[in-house]
Structure formats: structure tokens, C-alpha cells
$ cat start_33.pdb   # PDB, C-alpha atoms
ATOM      1  CA  MET A   1       0.000   0.000   0.000
ATOM      2  CA  GLU A   2       2.827   2.374   0.899
ATOM      3  CA  SER A   3       4.505   1.579  -2.419
ATOM      4  CA  TYR A   4       1.362   2.652  -4.308
ATOM      5  CA  LEU A   5       1.290   5.936  -2.407
ATOM      6  CA  TYR A   6       4.911   6.643  -3.347
ATOM      7  CA  LEU A   7       4.164   5.556  -6.925
ATOM      8  CA  ILE A   8       1.192   7.916  -7.313
ATOM      9  CA  LEU A   9       3.074  10.857  -5.806
ATOM     10  CA  GLY A  10       6.174  10.106  -7.862
ATOM     11  CA  LEU A  11       4.256   9.774 -11.120
ATOM     12  CA  ALA A  12       2.468  13.058 -10.389
ATOM     13  CA  ALA A  13       5.841  14.737  -9.762
ATOM     14  CA  ILE A  14       7.333  13.358 -12.989
ATOM     15  CA  VAL A  15       4.284  14.335 -15.061
ATOM     16  CA  CYS A  16       4.318  17.859 -13.579
ATOM     17  CA  ALA A  17       8.060  18.122 -14.273
ATOM     18  CA  TYR A  18       7.522  17.041 -17.876
ATOM     19  CA  ARG A  19       4.654  19.495 -18.326
ATOM     20  CA  ALA A  20       6.806  22.257 -16.807
ATOM     21  CA  MET A  21       9.490  21.480 -19.365
ATOM     22  CA  ILE A  22       7.342  21.284 -22.508
ATOM     23  CA  SER A  23       4.835  24.020 -21.717
ATOM     24  CA  THR A  24       5.225  26.982 -24.066
ATOM     25  CA  ARG A  25       3.905  29.496 -21.546
ATOM     26  CA  LEU A  26       6.432  30.258 -18.834
ATOM     27  CA  LEU A  27       3.771  30.990 -16.220
ATOM     28  CA  SER A  28       2.329  27.499 -16.653
ATOM     29  CA  SER A  29       5.835  26.048 -16.367
ATOM     30  CA  ILE A  30       6.407  27.891 -13.092
ATOM     31  CA  LEU A  31       3.116  26.659 -11.650
ATOM     32  CA  TYR A  32       3.927  23.095 -12.679
ATOM     33  CA  LEU A  33       7.310  23.467 -10.952
ATOM     34  CA  ALA A  34       5.505  24.508  -7.767
ATOM     35  CA  CYS A  35       3.434  21.313  -8.078
ATOM     36  CA  VAL A  36       6.651  19.279  -8.395
ATOM     37  CA  SER A  37       7.943  20.920  -5.213
ATOM     38  CA  ALA A  38       4.726  20.069  -3.389
ATOM     39  CA  MET A  39       4.868  16.421  -4.487
ATOM     40  CA  VAL A  40       8.529  16.118  -3.514
ATOM     41  CA  SER A  41       7.707  17.661  -0.132
ATOM     42  CA  VAL A  42       5.053  15.027   0.528
ATOM     43  CA  ILE A  43       7.478  12.255  -0.468
ATOM     44  CA  LEU A  44      10.108  13.729   1.881
ATOM     45  CA  TYR A  45       7.537  13.843   4.686
ATOM     46  CA  LEU A  46       6.618  10.207   4.126
ATOM     47  CA  LEU A  47      10.311   9.272   4.167
ATOM     48  CA  GLY A  48      10.570  10.750   7.657
ATOM     49  CA  ALA A  49      12.402  13.959   6.747
ATOM     50  CA  GLN A  50       9.776  16.310   8.131
ATOM     51  CA  GLN A  51      12.037  19.326   8.643
ATOM     52  CA  VAL A  52      13.404  19.233   5.105
ATOM     53  CA  ALA A  53       9.888  18.694   3.753
ATOM     54  CA  VAL A  54       8.709  21.894   5.410
ATOM     55  CA  ILE A  55      11.745  23.840   4.148
ATOM     56  CA  GLU A  56      11.243  22.486   0.630
ATOM     57  CA  LEU A  57       7.551  23.353   0.649
ATOM     58  CA  SER A  58       8.104  26.899   1.855
ATOM     59  CA  VAL A  59      11.203  27.617  -0.229
ATOM     60  CA  GLY A  60      10.662  25.473  -3.330
ATOM     61  CA  ALA A  61       6.942  25.950  -3.778
ATOM     62  CA  GLY A  62       6.790  29.409  -2.219
ATOM     63  CA  LEU A  63       9.860  31.594  -2.482
ATOM     64  CA  VAL A  64      11.230  30.297  -5.784
ATOM     65  CA  THR A  65       7.781  30.462  -7.405
ATOM     66  CA  VAL A  66       7.313  34.065  -6.308
ATOM     67  CA  LEU A  67      10.796  34.993  -7.551
ATOM     68  CA  MET A  68      10.176  33.353 -10.909
ATOM     69  CA  VAL A  69       6.789  35.033 -11.351
ATOM     70  CA  TYR A  70       8.413  38.363 -10.491
ATOM     71  CA  ALA A  71      11.225  37.782 -13.005
ATOM     72  CA  LEU A  72       8.620  36.792 -15.579
ATOM     73  CA  SER A  73       6.678  39.989 -14.953
ATOM     74  CA  VAL A  74       9.883  41.968 -15.545
ATOM     75  CA  VAL A  75      11.024  40.244 -18.730
ATOM     76  CA  GLY A  76       7.621  39.306 -20.167
ATOM     77  CA  ASP A  77       6.376  35.912 -21.262
ATOM     78  CA  ASP A  78       8.282  34.944 -24.369
ATOM     79  CA  ALA A  79       5.905  32.303 -25.701
ATOM     80  CA  ARG A  80       7.918  31.380 -28.781
ATOM     81  CA  ASP A  81       8.540  27.672 -29.116
ATOM     82  CA  LEU A  82      12.265  27.698 -29.730
ATOM     83  CA  LEU A  83      13.909  24.841 -31.551
ATOM     84  CA  SER A  84      16.213  22.769 -29.400
ATOM     85  CA  VAL A  85      19.975  23.111 -29.642
ATOM     86  CA  ILE A  86      20.449  19.453 -30.513
ATOM     87  CA  PRO A  87      18.012  17.174 -32.396
ATOM     88  CA  LYS A  88      15.299  15.796 -30.136
ATOM     89  CA  PRO A  89      15.899  12.116 -31.044
ATOM     90  CA  LEU A  90      19.532  12.534 -30.011
ATOM     91  CA  ALA A  91      18.454  14.176 -26.755
ATOM     92  CA  ILE A  92      16.043  11.307 -26.048
ATOM     93  CA  LEU A  93      18.794   8.778 -26.763
ATOM     94  CA  ILE A  94      21.170  10.543 -24.358
ATOM     95  CA  VAL A  95      18.502  10.679 -21.655
ATOM     96  CA  VAL A  96      17.539   7.015 -22.052
ATOM     97  CA  LEU A  97      21.178   5.923 -21.909
ATOM     98  CA  SER A  98      21.864   8.102 -18.864
ATOM     99  CA  ALA A  99      18.809   6.801 -17.022
ATOM    100  CA  PHE A 100      19.681   3.230 -17.972
ATOM    101  CA  PHE A 101      23.231   3.454 -16.647
ATOM    102  CA  VAL A 102      22.116   5.173 -13.449
ATOM    103  CA  ALA A 103      19.493   2.460 -12.957
ATOM    104  CA  ILE A 104      22.114  -0.247 -13.475
ATOM    105  CA  MET A 105      24.313   1.361 -10.834
ATOM    106  CA  VAL A 106      21.686   1.875  -8.144
ATOM    107  CA  PHE A 107      19.206  -1.016  -8.556
ATOM    108  CA  PRO A 108      18.259  -2.993  -6.591
ATOM    109  CA  LEU A 109      18.428  -0.800  -3.542
ATOM    110  CA  VAL A 110      19.813  -2.964  -0.764
ATOM    111  CA  GLU A 111      18.538  -2.284   2.694
ATOM    112  CA  PRO A 112      20.949  -4.008   5.056
ATOM    113  CA  PRO A 113      20.435  -3.707   8.794
ATOM    114  CA  LEU A 114      23.275  -1.245   9.349
ATOM    115  CA  ASP A 115      24.603  -0.747  12.841
ATOM    116  CA  VAL A 116      25.123   3.004  12.540
ATOM    117  CA  THR A 117      24.528   5.396  15.379
ATOM    118  CA  SER A 118      21.819   7.733  14.181
ATOM    119  CA  PHE A 119      21.811  11.353  15.257
ATOM    120  CA  SER A 120      18.999  13.842  15.072
ATOM    121  CA  LEU A 121      19.041  16.678  12.552
ATOM    122  CA  THR A 122      19.755  19.207  15.305
ATOM    123  CA  VAL A 123      22.907  17.400  16.430
ATOM    124  CA  VAL A 124      24.134  16.806  12.886
ATOM    125  CA  LEU A 125      23.457  20.346  11.658
ATOM    126  CA  TRP A 126      24.616  22.378  14.670
ATOM    127  CA  GLN A 127      27.394  20.181  16.060
ATOM    128  CA  GLN A 128      28.794  17.778  13.480
ATOM    129  CA  ARG A 129      28.410  19.794  10.277
ATOM    130  CA  VAL A 130      28.605  23.322  11.599
ATOM    131  CA  LEU A 131      30.762  24.334   8.617
ATOM    132  CA  ASP A 132      27.736  23.701   6.406
ATOM    133  CA  VAL A 133      25.824  26.303   8.394
ATOM    134  CA  TRP A 134      28.518  28.912   7.741
ATOM    135  CA  ILE A 135      28.502  28.024   4.050
ATOM    136  CA  GLN A 136      24.723  28.393   4.028
ATOM    137  CA  ILE A 137      25.031  31.840   5.600
ATOM    138  CA  ALA A 138      27.525  32.863   2.902
ATOM    139  CA  LEU A 139      25.183  31.479   0.249
ATOM    140  CA  ILE A 140      22.256  33.416   1.662
ATOM    141  CA  PHE A 141      24.263  36.651   1.398
ATOM    142  CA  SER A 142      25.047  35.719  -2.224
ATOM    143  CA  GLY A 143      21.328  35.267  -2.724
ATOM    144  CA  VAL A 144      20.690  38.737  -1.296
ATOM    145  CA  LEU A 145      23.143  40.171  -3.829
ATOM    146  CA  GLY A 146      21.297  38.214  -6.523
ATOM    147  CA  VAL A 147      17.984  39.712  -5.413
ATOM    148  CA  LEU A 148      19.543  43.167  -5.618
ATOM    149  CA  GLY A 149      20.580  42.354  -9.190
ATOM    150  CA  LEU A 150      17.071  41.126  -9.914
ATOM    151  CA  LEU A 151      15.461  44.234  -8.506
ATOM    152  CA  SER A 152      17.971  46.638 -10.007
ATOM    153  CA  GLU A 153      16.154  49.147 -12.195
ATOM    154  CA  ARG A 154      19.307  50.489 -13.843
ATOM    155  CA  GLU A 155      19.076  49.858 -17.540
ATOM    156  CA  ALA A 156      22.094  48.135 -19.001
ATOM    157  CA  THR A 157      23.459  49.780 -22.105
ATOM    158  CA  PRO A 158      21.830  47.962 -25.005
ATOM    159  CA  ILE A 159      24.015  46.920 -27.890
ATOM    160  CA  SER A 160      22.746  48.571 -31.034
ATOM    161  CA  HIS A 161      22.671  46.838 -34.386
ATOM    162  CA  THR A 162      25.189  49.349 -35.736
ATOM    163  CA  GLU A 163      27.563  48.495 -32.895
ATOM    164  CA  ARG A 164      27.187  44.763 -33.567
ATOM    165  CA  PHE A 165      27.785  45.346 -37.274
ATOM    166  CA  ALA A 166      30.884  47.373 -36.472
ATOM    167  CA  ASP A 167      32.105  44.578 -34.182
ATOM    168  CA  GLN A 168      31.630  42.067 -36.991
ATOM    169  CA  ILE A 169      33.565  44.242 -39.419
ATOM    170  CA  VAL A 170      36.405  44.667 -36.940
ATOM    171  CA  GLY A 171      36.408  40.929 -36.239
ATOM    172  CA  THR A 172      36.588  40.142 -39.952
ATOM    173  CA  SER A 173      39.412  42.557 -40.515
ATOM    174  CA  HIS A 174      41.300  41.023 -37.567
ATOM    175  CA  GLU A 175      40.881  37.566 -39.069
ATOM    176  CA  GLU A 176      42.041  38.823 -42.431
ATOM    177  CA  VAL A 177      45.102  40.415 -40.836
ATOM    178  CA  HIS A 178      45.943  37.183 -38.999
ATOM    179  CA  SER A 179      45.472  35.061 -42.119
TER     180      SER A 179
ATOM    181  CA  MET B 180       6.237  -8.188  -8.566
ATOM    182  CA  ASN B 181       6.595  -6.755  -5.092
ATOM    183  CA  ILE B 182       8.730  -3.643  -5.101
ATOM    184  CA  SER B 183       9.661  -1.939  -1.866
ATOM    185  CA  PRO B 184       8.675   1.723  -1.226
ATOM    186  CA  LEU B 185      12.291   2.862  -1.220
ATOM    187  CA  ASN B 186      12.845   1.322  -4.650
ATOM    188  CA  VAL B 187       9.782   3.220  -5.873
ATOM    189  CA  VAL B 188      11.351   6.444  -4.597
ATOM    190  CA  LEU B 189      14.534   5.492  -6.437
ATOM    191  CA  LEU B 190      12.499   5.125  -9.646
ATOM    192  CA  VAL B 191      11.002   8.564  -9.055
ATOM    193  CA  ILE B 192      14.511  10.001  -8.606
ATOM    194  CA  ILE B 193      15.656   8.495 -11.906
ATOM    195  CA  GLY B 194      12.510   9.783 -13.626
ATOM    196  CA  LEU B 195      13.045  13.340 -12.387
ATOM    197  CA  LEU B 196      16.722  13.113 -13.357
ATOM    198  CA  ALA B 197      15.787  11.995 -16.878
ATOM    199  CA  VAL B 198      13.247  14.810 -17.290
ATOM    200  CA  GLY B 199      15.798  17.341 -16.029
ATOM    201  CA  ILE B 200      18.570  16.167 -18.370
ATOM    202  CA  TYR B 201      16.168  16.136 -21.330
ATOM    203  CA  GLY B 202      15.038  19.647 -20.465
ATOM    204  CA  LEU B 203      18.599  20.926 -20.234
ATOM    205  CA  LEU B 204      19.377  19.444 -23.643
ATOM    206  CA  ILE B 205      16.405  20.898 -25.526
ATOM    207  CA  THR B 206      15.754  24.194 -23.752
ATOM    208  CA  ARG B 207      17.039  27.522 -25.058
ATOM    209  CA  ASN B 208      15.071  29.937 -22.873
ATOM    210  CA  LEU B 209      17.176  31.217 -19.951
ATOM    211  CA  ILE B 210      14.333  31.241 -17.427
ATOM    212  CA  LYS B 211      13.321  27.741 -18.434
ATOM    213  CA  ILE B 212      16.917  26.573 -17.979
ATOM    214  CA  VAL B 213      16.794  27.822 -14.378
ATOM    215  CA  LEU B 214      13.471  26.019 -13.971
ATOM    216  CA  VAL B 215      14.870  22.749 -15.311
ATOM    217  CA  LEU B 216      17.867  23.047 -12.991
ATOM    218  CA  GLN B 217      15.383  23.211 -10.109
ATOM    219  CA  ILE B 218      13.911  19.880 -11.213
ATOM    220  CA  LEU B 219      17.373  18.308 -11.338
ATOM    221  CA  VAL B 220      18.239  19.594  -7.876
ATOM    222  CA  LYS B 221      14.979  18.250  -6.448
ATOM    223  CA  SER B 222      15.971  14.850  -7.752
ATOM    224  CA  ALA B 223      19.381  15.121  -6.074
ATOM    225  CA  MET B 224      17.817  16.274  -2.812
ATOM    226  CA  LEU B 225      15.432  13.338  -2.795
ATOM    227  CA  ALA B 226      18.386  11.023  -3.423
ATOM    228  CA  LEU B 227      20.284  12.481  -0.445
ATOM    229  CA  VAL B 228      17.361  11.935   1.917
ATOM    230  CA  LEU B 229      16.829   8.429   0.559
ATOM    231  CA  ALA B 230      20.512   7.620   1.073
ATOM    232  CA  GLY B 231      20.258   8.866   4.635
ATOM    233  CA  LYS B 232      17.194   6.714   5.210
ATOM    234  CA  VAL B 233      18.816   3.595   3.752
ATOM    235  CA  GLY B 234      22.057   4.220   5.656
ATOM    236  CA  ASN B 235      20.116   4.579   8.910
ATOM    237  CA  ASN B 236      21.413   8.143   9.299
ATOM    238  CA  LEU B 237      18.483  10.298   8.288
ATOM    239  CA  GLY B 238      19.802  13.330  10.185
ATOM    240  CA  LEU B 239      22.870  13.520   7.944
ATOM    241  CA  GLY B 240      20.746  13.175   4.823
ATOM    242  CA  GLN B 241      18.418  15.926   6.002
ATOM    243  CA  SER B 242      21.332  18.195   6.843
ATOM    244  CA  LEU B 243      22.833  17.789   3.382
ATOM    245  CA  ALA B 244      19.419  18.240   1.765
ATOM    246  CA  ALA B 245      18.935  21.518   3.651
ATOM    247  CA  THR B 246      22.291  22.741   2.332
ATOM    248  CA  VAL B 247      21.248  21.729  -1.174
ATOM    249  CA  ILE B 248      17.967  23.642  -0.827
ATOM    250  CA  VAL B 249      19.812  26.822   0.170
ATOM    251  CA  ALA B 250      22.321  26.455  -2.677
ATOM    252  CA  ASP B 251      19.520  25.692  -5.120
ATOM    253  CA  THR B 252      17.593  28.801  -4.122
ATOM    254  CA  VAL B 253      20.677  30.977  -4.516
ATOM    255  CA  VAL B 254      21.321  29.464  -7.950
ATOM    256  CA  ALA B 255      17.733  30.273  -8.923
ATOM    257  CA  VAL B 256      18.002  33.861  -7.690
ATOM    258  CA  VAL B 257      21.333  34.548  -9.393
ATOM    259  CA  GLY B 258      20.161  32.807 -12.576
ATOM    260  CA  LEU B 259      16.962  34.845 -12.702
ATOM    261  CA  ALA B 260      18.884  38.074 -12.069
ATOM    262  CA  LEU B 261      21.212  37.177 -14.937
ATOM    263  CA  ALA B 262      18.219  36.419 -17.154
ATOM    264  CA  VAL B 263      16.642  39.798 -16.355
ATOM    265  CA  GLN B 264      19.867  41.665 -17.112
ATOM    266  CA  VAL B 265      20.434  39.675 -20.316
ATOM    267  CA  ARG B 266      16.909  40.475 -21.441
ATOM    268  CA  ARG B 267      17.491  44.170 -20.799
ATOM    269  CA  ARG B 268      20.819  44.198 -22.621
ATOM    270  CA  PHE B 269      20.157  41.898 -25.565
ATOM    271  CA  GLY B 270      16.361  42.019 -25.789
ATOM    272  CA  THR B 271      16.018  38.252 -25.843
ATOM    273  CA  LEU B 272      16.173  35.233 -23.557
ATOM    274  CA  ASP B 273      17.337  32.838 -26.253
ATOM    275  CA  VAL B 274      20.787  31.519 -25.359
ATOM    276  CA  ALA B 275      21.626  31.095 -29.039
ATOM    277  CA  ASP B 276      21.118  34.798 -29.696
ATOM    278  CA  ILE B 277      23.235  36.108 -26.837
ATOM    279  CA  SER B 278      26.456  34.415 -27.786
ATOM    280  CA  THR B 279      28.999  37.052 -28.689
ATOM    281  CA  LEU B 280      31.855  34.645 -29.277
ATOM    282  CA  ARG B 281      33.199  34.438 -32.789
ATOM    283  CA  GLY B 282      34.386  31.307 -34.515
TER     284      GLY B 282
END
$ encode --input "start_33.pdb" --output "C-alpha cells"
Amino acid sequence: MESYLYLILGLAAIVCAYRAMISTRLLSSILYLACVSAMVSVILYLLGAQQVAVIELSVGAGLVTVLMVYALSVVGDDARDLLSVIPKPLAILIVVLSAFFVAIMVFPLVEPPLDVTSFSLTVVLWQQRVLDVWIQIALIFSGVLGVLGLLSEREATPISHTERFADQIVGTSHEEVHS
Amino acid sequence: MNISPLNVVLLVIIGLLAVGIYGLLITRNLIKIVLVLQILVKSAMLALVLAGKVGNNLGLGQSLAATVIVADTVVAVVGLALAVQVRRRFGTLDVADISTLRG
């Protein structure tokens, strides 16, 4: 019964992730990503990682979604369906091979009765891995700088077509000089 | 076939990983690239917690997953800020159009 619960939640997460990827409207993609975060949070909760589930739900489905919607409101929804960089059949082949090799490496998941002393999250985070906390603080300050960049209203100098054309001419003449 | 719940979670992790890799390969929109990276990181975070659960040390797995969440959020913020500035400077979010390298 528990397996079916994980299966339903997992399939919902994968379908939402796929829809987020193929959706042409960015707003729909962002909302599907929030759904993926919610599904992953429930799976984390069922696995026993309640604290991380709460953080993921509030940060992944809340903060990141709000940031993305804000960025989308600034740049506008570019609904063009751009062609992929590489052919799609090749991309599918790469993905299938990658998933196959990862599956070979990790399956079947052995669950031996390990005799490991288990510590609570509080002990691990604040006593054993306190360096991680300092790194997280540094990362959060980096994130604040990123938010300042996101909210910055200063217009960057746009490159005009004339300037690009001049760059191309200069580049060509350089190549000619070198050749 | 009786498959254990943890193996089902492992299948979900591989599925999310596959969707994320496929998205990275075919996507050209900068904001969507950030979005796909989020999917990949969620897969990695789930794998960390699962490893902690299997290794009977869930606290360590949770601690690492929390670090990953913070790093992931910062990556999203910086990536979105870059996308906004690129849009203002180049007028597009297409990664193929913003390449200024020659050759």
C-alpha cells in the first residue's frame, strides 16, 4: 500500500516536471514546478524527513515560485517555441542511456540492517556539520546580492545593431590580418 | 512483482533526473533553464534523503538536503537576475542569440 502511495506521488511529480518542461507558456511552467515541489515535499515527509519537507515546501513551492513570477513579470512571457539546440531524437537517446546506466548502478536498492549510530538533525546540523551552516550563511548573502541584481532598475546599455555590425567588421578585418 | 517503497522512490529520482537532463538538452530559454535546474536539484535532494534513510542516518541526509535547498535557491536567484539583465541588454532570452563569441 505504501509503495502505491509513493508511486502515485512520484508519477504526479514526474508528469508535472515534464509538463513544466514542454509548456510553451512560462507561467504554466512555473506553476507546474511549484506542483513538483509540493509532491517532492510530501514524499520527503513520508520518508521521515519532516524538517526538510517543510523547508522544501516553503522555499521550493513558495519563495522560488514568487521569484520566478516576479522575473517573468519583468522580462515578459516569451511564448515562442524555440527549436532545441540538438536534435530531439539525439536528446532522447542521451537521456535514455543516462537513465539506464544510473538504474544499473543503483538497482536494486539494498537495505541491510546497518549498525550506525543515528543522530537527530539538530545534532548533525549544529554540532557535526557546523561548517555547512557557515557556508549556508555565505550562500544566503550571495542570494541577497542576486535579489539586488534582480530588482535593479538600472538599464544596461543595449548593444545597437550598428555596434554589432561594427564589431563584426572589426572581427573580420582582424581575421584577415591574422590570415 | 513486489517492489519496496524505497525502490519506488529510487524510480522517481531516476525519472526526475531523466526529465531534467532532457530539459537541459532541448531548452534555449534562460528562465526555463533555471526552472529545469530546479527539477534536477529536487531529484538530487530526494536522493540524499533516501541515502540517509537507507544508511540509517536520516539526520545527515536531512542536513545535506537543507544545504542543497539553500544552494539551489541561490542558484535560482542569481540565474533569474542574470536572465533579467540579459533580457534588458540583448532584448532576448534565447541563449543562441546572446552568444557574442566568434568562430
$ residues_around --input "start_33.pdb" --residues "stretch 238-254 of chain B" --least-positions-apart "3" --cutoff "6 Å" --atoms "only C-alpha atoms" --output "ChimeraX atom specification"
/A:119-121,125,143 /B:224,227-228,231,257-258
$ resolve_selection --input "start_33.pdb" --expression "the PyMOL selection byres ((chain B and resi 212-223) around 7)" --output "list in words"
Ala17 and Met21 of chain A; Ile192, Leu195, Leu196, Gly199, Gly202, Leu203, Thr206, Asn208, Leu209, Ile210, Lys211, Met224, Leu225, Ala226, Leu227, Asp251, Ala255 and Gly258 of chain B
$ atom_distance --input "start_33.pdb" --atom1 "atom CA of A:Val52" --atom2 "atom CA of A:Thr122"
12.0 Å
$ resolve_selection --input "start_33.pdb" --expression "the PyMOL selection byres ((chain B and resi 272) around 9)" --output "short mmCIF file (atom, residue, chain, number, x, y, z; two decimals) with C-alpha atoms, in the coordinates of the input"
data_model
loop_
_atom_site.label_atom_id
_atom_site.label_comp_id
_atom_site.auth_asym_id
_atom_site.auth_seq_id
_atom_site.Cartn_x
_atom_site.Cartn_y
_atom_site.Cartn_z
CA VAL A 75 11.02 40.24 -18.73
CA ASP A 78 8.28 34.94 -24.37
CA ARG B 207 17.04 27.52 -25.06
CA ASN B 208 15.07 29.94 -22.87
CA LEU B 209 17.18 31.22 -19.95
CA ILE B 210 14.33 31.24 -17.43
CA ALA B 262 18.22 36.42 -17.15
CA VAL B 263 16.64 39.80 -16.36
CA VAL B 265 20.43 39.67 -20.32
CA ARG B 266 16.91 40.48 -21.44
CA PHE B 269 20.16 41.90 -25.56
CA GLY B 270 16.36 42.02 -25.79
CA THR B 271 16.02 38.25 -25.84
CA ASP B 273 17.34 32.84 -26.25
CA VAL B 274 20.79 31.52 -25.36
CA ALA B 275 21.63 31.10 -29.04
CA ASP B 276 21.12 34.80 -29.70
CA ILE B 277 23.24 36.11 -26.84
#
$ resolve_selection --input "start_33.pdb" --expression "the PyMOL selection byres ((chain A) within 7 of (chain B))" --output "VMD selection string"
chain A and resid 2 to 3 6 to 7 10 14 17 to 18 21 49 52 56 64 71 75 82 84 to 86 88 91 to 92 95 99 109 111 114 116 118 to 121 124 to 125 132 136 139 to 140 142 to 143 146 to 147 149 to 150 155 to 159
$ atom_distance --input "start_33.pdb" --atom1 "atom CA of A:Gln128" --atom2 "atom CA of A:Ala38"
29.5 Å
$ atom_distance --input "start_33.pdb" --atom1 "atom CA of A:Ile30" --atom2 "atom CA of A:Thr65"
6.4 Å
$ closest_residue --input "start_33.pdb" --among "A:Tyr70, A:Phe101, A:Trp126, A:Tyr32" --to "A:Cys16" --atoms "only C-alpha atoms"
A:Tyr32
$ axis_aligned_box --input "start_33.pdb" --around "stretch 63-67 of chain A" --padding-each-side "4 Å" --output "JSON"
{"center_x": 9.3, "center_y": 32.6, "center_z": -5.0, "size_x": 11.9, "size_y": 12.7, "size_z": 13.1}
$ build_atoms --input "start_33.pdb" --residues "stretch 263-271 of chain B" --atoms "all heavy atoms" --output "compact mmCIF listing (two decimals), keeping the file's coordinate frame"
# COMPACT_ATOMS: atom_id res chain seq x y z
N VAL B 263 17.25 38.46 -16.24
CA VAL B 263 16.64 39.80 -16.36
C VAL B 263 17.62 40.77 -17.00
O VAL B 263 17.27 41.54 -17.91
CB VAL B 263 16.20 40.29 -14.95
CG1 VAL B 263 15.84 41.77 -15.00
CG2 VAL B 263 15.02 39.49 -14.45
N GLN B 264 18.88 40.74 -16.55
CA GLN B 264 19.87 41.66 -17.11
C GLN B 264 20.16 41.35 -18.58
O GLN B 264 20.35 42.26 -19.39
CB GLN B 264 21.16 41.62 -16.29
CG GLN B 264 20.99 42.04 -14.84
CD GLN B 264 20.47 43.47 -14.71
OE1 GLN B 264 20.74 44.32 -15.54
NE2 GLN B 264 19.68 43.72 -13.66
N VAL B 265 20.20 40.06 -18.92
CA VAL B 265 20.43 39.67 -20.32
C VAL B 265 19.28 40.15 -21.19
O VAL B 265 19.48 40.65 -22.30
CB VAL B 265 20.61 38.14 -20.42
CG1 VAL B 265 20.41 37.66 -21.83
CG2 VAL B 265 21.99 37.74 -19.94
N ARG B 266 18.07 40.02 -20.67
CA ARG B 266 16.91 40.48 -21.44
C ARG B 266 16.97 41.99 -21.68
O ARG B 266 16.64 42.48 -22.76
CB ARG B 266 15.63 40.09 -20.67
CG ARG B 266 14.35 40.63 -21.24
CD ARG B 266 14.02 40.03 -22.58
NE ARG B 266 12.80 40.58 -23.10
CZ ARG B 266 11.86 39.87 -23.69
NH1 ARG B 266 12.03 38.58 -23.84
NH2 ARG B 266 10.78 40.42 -24.15
N ARG B 267 17.41 42.72 -20.64
CA ARG B 267 17.49 44.17 -20.80
C ARG B 267 18.58 44.56 -21.79
O ARG B 267 18.45 45.53 -22.52
CB ARG B 267 17.77 44.82 -19.44
CG ARG B 267 16.55 44.87 -18.57
CD ARG B 267 16.85 45.50 -17.24
NE ARG B 267 15.66 45.56 -16.40
CZ ARG B 267 15.69 45.72 -15.11
NH1 ARG B 267 16.84 45.83 -14.48
NH2 ARG B 267 14.57 45.79 -14.42
N ARG B 268 19.68 43.81 -21.78
CA ARG B 268 20.82 44.20 -22.62
C ARG B 268 20.65 43.72 -24.06
O ARG B 268 20.94 44.45 -25.00
CB ARG B 268 22.10 43.63 -22.01
CG ARG B 268 23.35 44.04 -22.75
CD ARG B 268 24.59 43.61 -21.99
NE ARG B 268 25.78 43.82 -22.78
CZ ARG B 268 26.42 44.96 -22.88
NH1 ARG B 268 25.96 46.02 -22.25
NH2 ARG B 268 27.51 45.07 -23.62
N PHE B 269 20.22 42.48 -24.22
CA PHE B 269 20.16 41.90 -25.56
C PHE B 269 18.74 41.85 -26.14
O PHE B 269 18.56 41.57 -27.32
CB PHE B 269 20.73 40.48 -25.55
CG PHE B 269 22.20 40.43 -25.27
CD1 PHE B 269 22.66 40.21 -23.99
CD2 PHE B 269 23.13 40.60 -26.28
CE1 PHE B 269 24.02 40.16 -23.72
CE2 PHE B 269 24.49 40.55 -26.02
CZ PHE B 269 24.94 40.34 -24.73
N GLY B 270 17.73 42.04 -25.29
CA GLY B 270 16.36 42.02 -25.79
C GLY B 270 15.81 40.63 -26.07
O GLY B 270 14.78 40.49 -26.71
N THR B 271 16.50 39.61 -25.61
CA THR B 271 16.02 38.25 -25.84
C THR B 271 16.47 37.36 -24.69
O THR B 271 17.38 37.70 -23.94
CB THR B 271 16.58 37.70 -27.16
OG1 THR B 271 16.08 36.38 -27.36
CG2 THR B 271 18.08 37.65 -27.17
